Each structure stands twice: as structure tokens, then as C-alpha cells.
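Undergrad: So I've got this file, input15.csv, and it contains CSV, C-alpha atoms:
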```csv
chain,number,residue,atom,x,y,z
A,1,MET,CA,0.0,0.0,0.0
A,2,GLY,CA,1.7,3.2,-1.2
A,3,VAL,CA,2.1,6.5,0.6
A,4,MET,CA,-0.3,8.2,-1.9
A,5,HIS,CA,-3.1,5.8,-1.1
A,6,TRP,CA,-2.8,6.5,2.6
A,7,MET,CA,-2.8,10.3,2.0
A,8,ARG,CA,-5.9,10.1,-0.1
A,9,GLN,CA,-7.6,8.0,2.5
A,10,ALA,CA,-6.6,10.5,5.2
A,11,LEU,CA,-7.9,13.4,3.2
A,12,LEU,CA,-11.2,11.8,2.3
A,13,LEU,CA,-11.9,10.9,6.0
A,14,LEU,CA,-10.6,14.1,7.4
A,15,ILE,CA,-13.9,15.7,8.3
A,16,LEU,CA,-15.5,12.5,9.4
A,17,ALA,CA,-12.6,12.1,11.9
A,18,ILE,CA,-13.6,15.2,13.8
A,19,ALA,CA,-15.7,13.5,16.4
A,20,GLY,CA,-13.0,11.0,17.3
A,21,ALA,CA,-9.9,13.1,16.8
A,22,MET,CA,-10.8,16.7,17.8
A,23,SER,CA,-14.0,16.6,19.8
A,24,ALA,CA,-12.3,16.8,23.1
A,25,ARG,CA,-10.3,19.8,22.0
A,26,ALA,CA,-13.2,21.5,20.2
A,27,GLN,CA,-16.0,21.1,22.7
A,28,SER,CA,-14.8,19.9,26.0
A,29,VAL,CA,-13.6,22.7,28.2
A,30,GLN,CA,-13.3,20.7,31.3
A,31,GLY,CA,-10.0,21.1,33.1
A,32,GLN,CA,-9.6,24.7,31.9
A,33,GLY,CA,-10.6,26.1,35.2
A,34,MET,CA,-13.7,27.7,36.5
A,35,SER,CA,-14.5,31.4,36.2
A,36,SER,CA,-14.1,33.5,39.3
A,37,GLU,CA,-16.6,36.1,38.1
A,38,PRO,CA,-20.2,35.6,39.3
A,39,PHE,CA,-22.4,34.1,36.6
A,40,ALA,CA,-24.9,37.0,36.9
A,41,VAL,CA,-22.1,39.5,36.0
A,42,THR,CA,-21.0,37.5,33.0
A,43,LEU,CA,-24.6,37.1,31.8
A,44,LYS,CA,-25.3,40.8,32.2
A,45,ARG,CA,-22.2,41.6,30.0
A,46,ALA,CA,-23.4,39.1,27.5
A,47,GLN,CA,-26.9,40.6,27.4
A,48,THR,CA,-25.4,44.0,26.5
A,49,GLY,CA,-23.8,42.5,23.4
A,50,ASP,CA,-20.3,41.6,24.6
A,51,ALA,CA,-19.4,38.7,22.2
A,52,ILE,CA,-16.6,37.4,24.5
A,53,ALA,CA,-19.0,37.4,27.5
A,54,GLN,CA,-21.6,35.6,25.3
A,55,TYR,CA,-19.0,32.9,24.6
A,56,GLN,CA,-18.2,32.6,28.3
A,57,VAL,CA,-21.9,32.2,29.1
A,58,TYR,CA,-22.0,29.4,26.6
A,59,ARG,CA,-19.1,27.7,28.3
A,60,ARG,CA,-20.5,28.2,31.7
A,61,TYR,CA,-23.8,26.7,30.8
A,62,GLY,CA,-22.0,23.8,29.2
A,63,LEU,CA,-19.9,23.2,32.3
A,64,GLY,CA,-22.3,24.1,35.0
A,65,ASP,CA,-19.9,26.8,36.1
A,66,GLY,CA,-21.8,28.9,38.6
A,67,VAL,CA,-25.1,27.9,37.0
A,68,ALA,CA,-27.0,24.7,36.4
A,69,LYS,CA,-25.9,22.9,33.2
A,70,SER,CA,-28.1,23.6,30.3
A,71,PRO,CA,-27.1,22.3,26.8
A,72,ALA,CA,-30.0,24.3,25.3
A,73,GLU,CA,-28.9,27.6,26.9
A,74,ALA,CA,-25.3,26.8,26.0
A,75,GLY,CA,-26.2,26.3,22.4
A,76,LYS,CA,-28.2,29.5,22.3
A,77,TRP,CA,-25.4,31.6,23.6
A,78,LEU,CA,-22.8,29.9,21.4
A,79,LYS,CA,-24.8,30.9,18.3
A,80,ILE,CA,-25.3,34.4,19.6
A,81,SER,CA,-21.6,34.9,20.2
A,82,ALA,CA,-20.8,33.4,16.7
A,83,GLN,CA,-23.3,35.8,15.1
A,84,SER,CA,-21.7,38.7,17.0
A,85,GLY,CA,-18.5,37.8,15.1
A,86,TYR,CA,-16.4,36.1,17.8
A,87,ALA,CA,-14.0,33.7,16.0
A,88,PRO,CA,-13.7,31.1,18.8
A,89,ALA,CA,-17.5,30.9,19.0
A,90,GLN,CA,-17.7,30.6,15.2
A,91,TYR,CA,-15.2,27.8,15.2
A,92,ALA,CA,-16.9,26.0,18.0
A,93,LEU,CA,-20.3,26.4,16.4
A,94,GLY,CA,-19.0,24.9,13.2
A,95,ASN,CA,-17.8,21.9,15.2
A,96,ALA,CA,-21.1,21.7,17.0
A,97,TYR,CA,-23.0,21.1,13.8
A,98,LEU,CA,-21.0,17.9,13.3
A,99,LEU,CA,-20.3,16.8,16.8
A,100,PHE,CA,-23.8,16.7,18.0
A,101,LYS,CA,-25.4,15.0,14.9
A,102,SER,CA,-25.1,11.3,14.4
A,103,PRO,CA,-24.4,11.1,11.6
A,104,PRO,CA,-24.1,14.6,10.3
A,105,THR,CA,-26.2,15.5,7.2
A,106,ASP,CA,-25.0,17.4,4.2
A,107,ALA,CA,-26.8,20.5,5.6
A,108,ASP,CA,-24.8,20.1,8.8
A,109,PHE,CA,-21.5,20.1,6.8
A,110,VAL,CA,-22.6,23.2,4.9
A,111,GLN,CA,-23.2,25.0,8.2
A,112,ALA,CA,-19.9,23.8,9.6
A,113,VAL,CA,-18.0,25.1,6.6
A,114,LYS,CA,-19.9,28.4,6.9
A,115,TRP,CA,-18.8,29.0,10.5
A,116,TRP,CA,-15.3,27.6,10.0
A,117,LYS,CA,-14.8,30.0,7.1
A,118,ALA,CA,-16.0,33.0,9.2
A,119,ALA,CA,-13.5,32.1,12.0
A,120,ALA,CA,-10.7,31.3,9.6
A,121,GLU,CA,-11.1,34.7,7.8
A,122,GLN,CA,-10.5,36.2,11.3
A,123,GLY,CA,-7.3,34.2,11.7
A,124,HIS,CA,-8.5,31.3,13.8
A,125,VAL,CA,-5.8,28.7,13.0
A,126,ASP,CA,-7.8,25.5,13.9
A,127,ALA,CA,-10.7,26.7,11.7
A,128,MET,CA,-8.2,27.2,8.9
A,129,PHE,CA,-7.2,23.5,9.2
A,130,TRP,CA,-10.7,22.2,9.2
A,131,LEU,CA,-11.8,24.5,6.4
A,132,GLY,CA,-8.9,23.1,4.4
A,133,GLY,CA,-10.1,19.6,5.1
A,134,ALA,CA,-13.6,20.5,4.0
A,135,TYR,CA,-12.4,21.7,0.7
A,136,MET,CA,-10.1,18.7,0.3
A,137,ALA,CA,-12.8,16.2,0.9
A,138,GLY,CA,-15.6,18.2,-0.7
A,139,ASN,CA,-17.7,18.1,2.4
A,140,GLY,CA,-20.1,21.0,2.8
A,141,THR,CA,-18.6,22.7,-0.2
A,142,GLU,CA,-17.3,21.9,-3.7
A,143,LYS,CA,-14.1,19.9,-3.7
A,144,ASP,CA,-11.2,22.3,-4.4
A,145,GLU,CA,-7.7,21.1,-3.7
A,146,LYS,CA,-6.1,24.5,-4.4
A,147,GLU,CA,-8.4,26.2,-1.9
A,148,ALA,CA,-7.7,23.4,0.5
A,149,LEU,CA,-4.0,24.0,0.3
A,150,LYS,CA,-4.5,27.7,0.6
A,151,TRP,CA,-6.1,27.3,4.0
A,152,TYR,CA,-3.7,24.6,5.1
A,153,LEU,CA,-0.8,26.9,4.3
A,154,LYS,CA,-2.4,29.8,6.1
A,155,GLY,CA,-2.7,27.6,9.2
A,156,ALA,CA,0.8,26.2,8.8
A,157,GLU,CA,2.3,29.6,8.6
A,158,LYS,CA,0.7,30.4,11.9
A,159,GLY,CA,2.1,27.3,13.6
A,160,GLN,CA,-0.9,24.9,13.4
A,161,GLY,CA,0.7,21.5,13.5
A,162,ALA,CA,-1.9,19.5,11.7
A,163,ALA,CA,-2.0,22.1,8.9
A,164,GLN,CA,1.8,21.9,8.6
A,165,GLU,CA,1.5,18.2,8.3
A,166,MET,CA,-1.1,18.4,5.6
A,167,THR,CA,0.7,21.2,3.7
A,168,GLY,CA,3.8,19.0,3.6
A,169,LEU,CA,1.8,16.0,2.3
A,170,CYS,CA,0.2,18.2,-0.4
A,171,TYR,CA,3.5,19.5,-1.6
A,172,TYR,CA,4.9,15.9,-1.6
A,173,ASN,CA,2.1,14.5,-3.7
A,174,GLY,CA,1.4,17.5,-5.8
A,175,VAL,CA,-2.1,18.0,-4.5
A,176,GLY,CA,-3.4,21.5,-5.1
A,177,THR,CA,0.0,22.5,-6.3
A,178,GLU,CA,3.0,21.3,-8.2
A,179,LYS,CA,5.2,18.8,-6.4
A,180,ASN,CA,7.9,20.6,-4.4
A,181,MET,CA,10.1,18.3,-2.2
A,182,THR,CA,11.8,21.3,-0.6
A,183,GLU,CA,8.5,22.7,0.6
A,184,ALA,CA,7.3,19.2,1.5
A,185,ALA,CA,10.3,18.5,3.7
A,186,LYS,CA,10.0,22.0,5.3
A,187,TRP,CA,6.4,21.5,6.4
A,188,LEU,CA,6.6,17.9,7.3
A,189,ARG,CA,9.5,18.6,9.6
A,190,ALA,CA,7.4,21.3,11.2
A,191,GLY,CA,4.3,19.2,11.5
A,192,ALA,CA,5.2,15.5,11.5
A,193,GLY,CA,3.4,13.8,14.4
A,194,LYS,CA,1.1,16.7,15.2
A,195,GLY,CA,-1.9,16.0,13.1
A,196,ILE,CA,-4.5,13.5,11.8
A,197,SER,CA,-2.0,11.3,10.0
A,198,PRO,CA,1.2,11.3,12.1
A,199,ASP,CA,2.4,7.9,10.8
A,200,LEU,CA,2.0,9.0,7.2
A,201,ALA,CA,3.9,12.2,7.8
A,202,HIS,CA,6.7,10.5,9.6
A,203,ILE,CA,7.0,7.7,7.0
A,204,THR,CA,6.9,10.2,4.1
A,205,LEU,CA,9.7,12.3,5.7
A,206,GLY,CA,11.6,9.2,6.5
A,207,ASP,CA,11.5,8.0,2.9
A,208,MET,CA,12.6,11.5,1.7
A,209,CYS,CA,15.5,11.5,4.1
A,210,TYR,CA,16.5,7.9,3.5
A,211,PHE,CA,16.4,7.9,-0.3
A,212,GLY,CA,17.3,11.6,-0.8
A,213,MET,CA,14.0,12.3,-2.5
A,214,GLY,CA,14.4,15.9,-3.6
A,215,ILE,CA,16.4,16.7,-0.4
A,216,GLU,CA,19.8,15.7,0.9
A,217,LYS,CA,20.0,12.2,2.4
A,218,ASN,CA,19.9,12.1,6.2
A,219,ALA,CA,20.0,8.6,7.5
A,220,ASN,CA,19.6,9.5,11.2
A,221,GLU,CA,16.6,11.8,10.5
A,222,ALA,CA,15.1,9.0,8.4
A,223,TYR,CA,15.6,6.5,11.2
A,224,LEU,CA,14.1,8.7,13.8
A,225,ASN,CA,11.0,9.4,11.7
A,226,TYR,CA,10.6,5.7,10.9
A,227,LEU,CA,10.9,4.9,14.6
A,228,ALA,CA,8.2,7.4,15.5
A,229,ALA,CA,5.8,5.7,13.2
A,230,ALA,CA,7.0,2.2,14.2
A,231,GLN,CA,6.3,2.9,17.8
A,232,ARG,CA,2.7,3.5,16.8
A,233,ASN,CA,2.6,0.0,15.2
A,234,ASP,CA,2.8,1.0,11.5
A,235,PRO,CA,4.1,-2.2,9.8
A,236,TYR,CA,6.0,-0.4,7.0
A,237,ALA,CA,7.8,1.8,9.5
A,238,GLU,CA,8.6,-1.3,11.6
A,239,PHE,CA,10.2,-2.9,8.6
A,240,ALA,CA,12.1,0.3,7.8
A,241,VAL,CA,13.4,0.5,11.3
A,242,ALA,CA,14.5,-3.1,11.1
A,243,ARG,CA,16.5,-2.5,7.9
A,244,CYS,CA,18.2,0.6,9.4
A,245,LEU,CA,19.2,-1.5,12.4
A,246,GLN,CA,20.4,-4.4,10.3
A,247,GLU,CA,22.6,-2.1,8.2
A,248,GLY,CA,23.6,0.3,11.0
A,249,ASN,CA,22.2,3.1,8.7
A,250,GLY,CA,21.3,6.2,10.7
A,251,THR,CA,21.6,4.3,14.0
A,252,ASN,CA,23.9,1.7,15.7
A,253,LYS,CA,23.8,-1.7,14.1
A,254,ASP,CA,21.8,-4.2,16.2
A,255,VAL,CA,20.6,-7.3,14.4
A,256,LYS,CA,18.7,-8.7,17.4
A,257,GLU,CA,16.6,-5.6,17.7
A,258,ALA,CA,16.2,-5.6,14.0
A,259,ALA,CA,14.8,-9.1,14.1
A,260,GLN,CA,12.3,-8.0,16.8
A,261,TRP,CA,11.0,-5.2,14.5
A,262,LEU,CA,10.9,-7.5,11.5
A,263,THR,CA,8.8,-9.9,13.6
A,264,ARG,CA,6.3,-7.1,14.6
A,265,SER,CA,6.0,-6.0,11.0
A,266,ALA,CA,5.7,-9.5,9.5
A,267,GLN,CA,3.1,-10.5,12.0
A,268,GLN,CA,1.0,-7.6,10.7
A,269,GLY,CA,1.3,-8.8,7.1
A,270,GLU,CA,4.1,-6.7,5.7
A,271,VAL,CA,5.3,-8.9,2.8
A,272,VAL,CA,8.8,-7.6,2.5
A,273,ALA,CA,9.2,-7.9,6.3
A,274,ALA,CA,8.1,-11.6,6.2
A,275,LYS,CA,10.7,-12.2,3.5
A,276,TYR,CA,13.5,-10.5,5.4
A,277,LEU,CA,12.5,-12.3,8.7
A,278,GLY,CA,12.6,-15.6,6.9
A,279,LEU,CA,16.1,-14.8,5.6
A,280,ALA,CA,17.2,-13.8,9.1
A,281,TYR,CA,16.1,-17.3,10.4
A,282,HIS,CA,18.0,-18.9,7.5
A,283,GLU,CA,21.1,-17.0,8.3
A,284,GLY,CA,20.8,-16.9,12.0
A,285,ASN,CA,21.0,-13.1,11.8
A,286,GLY,CA,19.7,-11.8,15.1
A,287,VAL,CA,17.7,-15.0,15.8
A,288,THR,CA,18.5,-18.7,16.3
A,289,LYS,CA,18.9,-20.3,12.9
A,290,ASP,CA,15.7,-22.2,12.1
A,291,ASP,CA,15.1,-23.3,8.5
A,292,ALA,CA,11.5,-24.4,9.2
A,293,GLU,CA,10.8,-20.9,10.4
A,294,TYR,CA,12.6,-19.6,7.3
A,295,TYR,CA,10.3,-21.6,5.1
A,296,LYS,CA,7.3,-20.6,7.1
A,297,TRP,CA,7.9,-16.9,6.5
A,298,MET,CA,8.7,-17.4,2.8
A,299,LEU,CA,5.3,-19.2,2.4
A,300,VAL,CA,3.6,-16.4,4.3
A,301,ALA,CA,5.2,-13.8,2.0
A,302,ALA,CA,4.3,-15.8,-1.1
A,303,THR,CA,0.6,-16.2,0.1
A,304,LEU,CA,0.2,-12.5,1.0
A,305,ASP,CA,1.8,-11.4,-2.3
A,306,ARG,CA,0.3,-14.1,-4.5
A,307,GLU,CA,-1.3,-11.7,-7.0
A,308,ALA,CA,2.1,-10.1,-7.6
A,309,GLY,CA,3.8,-13.4,-8.2
A,310,GLY,CA,5.2,-13.9,-4.7
A,311,GLU,CA,5.9,-17.6,-5.3
A,312,HIS,CA,9.5,-16.6,-6.2
A,313,PHE,CA,10.0,-16.2,-2.4
A,314,VAL,CA,9.6,-19.9,-2.0
A,315,ALA,CA,11.6,-21.4,-4.8
A,316,PRO,CA,15.1,-20.9,-3.4
A,317,ALA,CA,14.0,-22.4,-0.1
A,318,GLU,CA,12.6,-25.5,-1.7
A,319,TYR,CA,15.8,-26.0,-3.6
A,320,MET,CA,17.8,-26.2,-0.3
A,321,LEU,CA,15.6,-27.7,2.3
A,322,SER,CA,14.6,-31.2,3.2
A,323,GLN,CA,11.0,-32.4,2.9
A,324,GLN,CA,10.7,-32.7,6.6
A,325,THR,CA,11.8,-29.1,7.2
A,326,MET,CA,9.4,-27.9,4.6
A,327,ASP,CA,6.5,-29.9,6.1
A,328,ASP,CA,7.3,-28.3,9.5
A,329,GLY,CA,7.5,-24.8,8.0
A,330,ALA,CA,4.3,-25.3,6.0
A,331,SER,CA,2.4,-26.4,9.1
A,332,ARG,CA,3.6,-23.2,10.9
A,333,ALA,CA,2.6,-21.0,8.0
A,334,ARG,CA,-0.9,-22.5,7.9
A,335,GLU,CA,-1.3,-21.8,11.6
A,336,PHE,CA,-0.1,-18.2,11.2
A,337,LEU,CA,-2.4,-17.6,8.2
A,338,ARG,CA,-5.4,-19.0,10.0
A,339,ASP,CA,-4.9,-16.5,12.8
A,340,PHE,CA,-4.0,-13.7,10.4
A,341,LYS,CA,-6.8,-14.2,7.9
A,342,GLY,CA,-9.5,-12.5,10.0
A,343,HIS,CA,-7.4,-9.4,10.3
A,344,VAL,CA,-6.3,-9.0,6.7
A,345,PRO,CA,-6.9,-5.7,5.0
A,346,PRO,CA,-9.8,-5.9,2.5
A,347,HIS,CA,-7.6,-5.1,-0.5
A,348,ARG,CA,-5.7,-8.4,0.1
A,349,LYS,CA,-6.9,-11.8,-0.8
A,350,VAL,CA,-5.5,-14.4,1.6
A,351,THR,CA,-5.9,-18.1,1.9
A,352,ALA,CA,-4.9,-20.0,4.9
A,353,GLU,CA,-3.8,-23.2,3.2
A,354,GLY,CA,-0.1,-22.4,2.7
A,355,LYS,CA,1.8,-24.9,0.8
A,356,GLY,CA,3.2,-28.4,1.4
```
Show how you would write the structure in this file as C-alpha cells.
TA:
Amino acid sequence: MGVMHWMRQALLLLILAIAGAMSARAQSVQGQGMSSEPFAVTLKRAQTGDAIAQYQVYRRYGLGDGVAKSPAEAGKWLKISAQSGYAPAQYALGNAYLLFKSPPTDADFVQAVKWWKAAAEQGHVDAMFWLGGAYMAGNGTEKDEKEALKWYLKGAEKGQGAAQEMTGLCYYNGVGTEKNMTEAAKWLRAGAGKGISPDLAHITLGDMCYFGMGIEKNANEAYLNYLAAAQRNDPYAEFAVARCLQEGNGTNKDVKEAAQWLTRSAQQGEVVAAKYLGLAYHEGNGVTKDDAEYYKWMLVAATLDREAGGEHFVAPAEYMLSQQTMDDGASRAREFLRDFKGHVPPHRKVTAEGKG
């Protein structure tokens, strides 16, 4: 599965991820401290047209801060504050149209975009990010990649980490602009790990640094980015970390630790990791030499990569190994694939029979 696929998937799901990824930040104000001002005083200021006070009334009704909780009153005052032009209220109202609807309708997305845009035009950086996502996915507005990048870039320039991440990915893939690896590296370095797709950003930057893709090679920076994604269980990154450790590229050589990362990656179905793990068992490289385990992982790699002609992984092993060793390895492969089959990604067709 390529980097471009994962970027597209992240972009298309961006708005739908709000409830899970940003709801706590957008709507939950607990832990931010209670107001020392009597509620009646705040309410009086709000009633005179003070937009900030109107927003504070919304928050206090939502928290039960000095007044009984009332979602209805909170919502009323949030809308009043937004209509009075207060950017944080406009941003929060945009989120509210999605967070409190299950699922949100097209009309809710339209309203969300309306209020995000109002807030973004006043410089609200989080609104810039979500507005960019709306344009990128075509949710609540016409899909417009150039407009999406415009708002991502505005947020990125103001230090919004998720916007920096998405700006870098846009420049890397040529989405909404021409490809520009220098700009991609600049913004990925600023935003990697801060947004919706931290693994994707780290892996993309890791590949750029490892292979010198439009920028100067930097093996250590590549390793650190791969490691950041690998620690979040990304199988490609786990494999990349393993190869760095096997080669001593960007980090100290450590074949035992490399074998551990290869195992983690292979167990998640990363074909090339299964191949290298099998070779490690054949060579005794970081693990105890075990040719049945070697054959097992070659069969696993061949099965997972069958449509791409993965059988070539198996042929060298069958030339060298005894029938008893292959039978043992085939049995292990079938056991692994039976357990793995239920967790396989939908794009991959897997059978659990193995070979032998």
C-alpha cells in the first residue's frame, strides 16, 4: 500500500474524523478552570452585546460553572456569540454542527463550513485547518484542492501542527499545487506527528531523508522518523526501522533488535518484512537459525503477495531444504495464516492453506 493511497484515505476521511480526533479539544472545556466572576455578572455583560461574554456564558452553561448545566442555553449563547463575530465561537459552532449530529447531514456540513470560514477569515488557526479539510474532501462545499492547500498553508504559517503536516503532504504529492520536495520537507519537519496522520507524515519524511527524494540524504533523520511511526505499530515503518538496524544506517547496528522489529512487521502482514524475517532465520541473523521458520515466512510472504507473483520467495528455499523441514514450515505457515486471515486488509486476498 503506497504513501499516496494513505494520503488520499486520510484526506477523504478528514472531516469524518472530527468527532474522534478533535471533539475533546473542540468542545470539552473541562479542566480549563472555572470562572471567578459571578455568573450573573457574565450574563449581564453578554446581554449588553459583549461577544466574549456571550461565549463565556455558553461555556459556563455547558460546564455548569456557577449555574445549572443547560445544553440548550449553552447552544443558544454559542450561536449568539458566533453571530456577533467572535471567532472562537464561530469555530466551536462549526464543530457543534457535526459533533452533536449522528451522523451529520449534508446540511450540517454546509453549516460547519460556513462558520469555520467565518472564523478562519479572522485568523483562527484551527478553523483554517478544518476548512482546508472540508475543501479537500468536498464536504459541505465543492471539492477544491487548491483552496484546501490555501487554508492549510495559512494555518501552517501560523504554527498549526496538523495544517503543517497536511501542507507537507500536499507538496509531496502535488495535491493543489506542483510537487515541491523542498517545501514538502520543510512543512513535514514542522508538523510531523502533530496531526491526523502522524504515521503517514513520519514515513513520508523518513523516505525522503533515507532515499534523498528531492532533499539531501539524512540517514539519522530517516531512522528517527521511521521509529516514531513504528512505535505506533505501523508495519511499513517497523520494517524500515529493522533495515536501518540491520545495516547500521542512521543508528547503531543491532541485528537482534532488527529481528524484533521484523517480527512485529511480518506479523501484521508486511510482505517484505516476512521475506527478510525468513532470511534472518535462515542466516541466524539476530535470531537462532531455524530453516523451518525460514520456510514458514517465505510461504507467508508468497501467500500474501500471490497476486504479484510472490511464489518466487519460496523457490530458493525448496531447492535447499529437506521435505521434513518444509513440512514443518508449511504447518507453521498455515497456523499463522489461519490466525491472520481474519485481520487481513480488504484489498488483500489471503488463503490459509499455505503450501506443502
Undergrad: Using all atoms listed in the file, which of the listed residues (A:Tyr58, A:Gln111, A:Lys101, A:Thr167) sits closest to Phe129 (chain A)?
TA: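 Using all atoms listed in the file, Phe129 (chain A) sits closest to A:Thr167.
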Undergrad: To one decimal in Å, tell me the separation between CA of Gly155 (chain A) and CA of Leu169 (chain A).
TA: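 Interatomic distance here is 14.2 Å.
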Undergrad: Using only C-alpha atoms, which of the listed residues (A:Ala228, A:Ala96, A:Leu279, A:Met208) sits closest to Lys194 (chain A)?
TA: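 The closest residue to Lys194 (chain A) is A:Ala228.
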Undergrad: What is the CA of Gln160 (chain A) to CA of Lys117 (chain A) distance in Å?
TA: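 Calculated distance between CA of Gln160 (chain A) and CA of Lys117 (chain A) is 16.1 Å.
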Undergrad: Calculated over all atoms listed in the file, which of the candidates A:Trp130, A:Tyr91, A:Tyr61, A:Phe211 has the smallest distance to Trp77 (chain A)?
TA: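 With all atoms listed in the file as the atom set, the closest residue is A:Tyr61.
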Undergrad: As an exercise, work out the distance from CA of Tyr295 (chain A) to CA of Met326 (chain A) in Å and give it to one decimal place.
TA: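 Distance between the two atoms: 6.4 Å.
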Undergrad: Quick one: everything within 10 Å of Leu153 (chain A), counting only C-alpha atoms, minus sequence neighbours fewer than 2 positions away in the same chain. Send it as a VMD selection string.
TA: chain A and resid 128 to 129 132 147 to 151 155 to 160 163 to 168 170 187
Undergrad: Using all atoms listed in the file, which protein or nucleic acid residues come within 7 Å of Ser81 (chain A)? Drop anything in the same chain fewer than 3 positions from it, and give the result as a ChimeraX atom specification.
TA: /A:51,54-55,77-78,84-86,89
Undergrad: Nearest to Tyr172 (chain A): which of A:Asp207, A:Asp65, A:Asp144, A:Glu216 is it, counting all atoms listed in the file?
TA: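 When distances to Tyr172 (chain A) are compared using all atoms listed in the file, the smallest one comes from A:Asp207.
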Undergrad: Go through A:Asn180, A:Gln268, A:Gln56, A:Asn225 one by one, measure the shortest atom-to-atom distance of each to Ala40 (chain A) using all atoms listed in the file, and give the residue with the smallest value.
TA: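 Going through A:Asn180, A:Gln268, A:Gln56, A:Asn225 one by one, the smallest distance to Ala40 (chain A) is for A:Gln56.
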Undergrad: For Ser36 (chain A), which residue out of A:Arg60, A:Val287, A:Ala92, A:Gly269 is the nearest one, using all atoms listed in the file?
TA: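 Looking only at the distances to Ser36 (chain A), the closest residue turns out to be A:Arg60.
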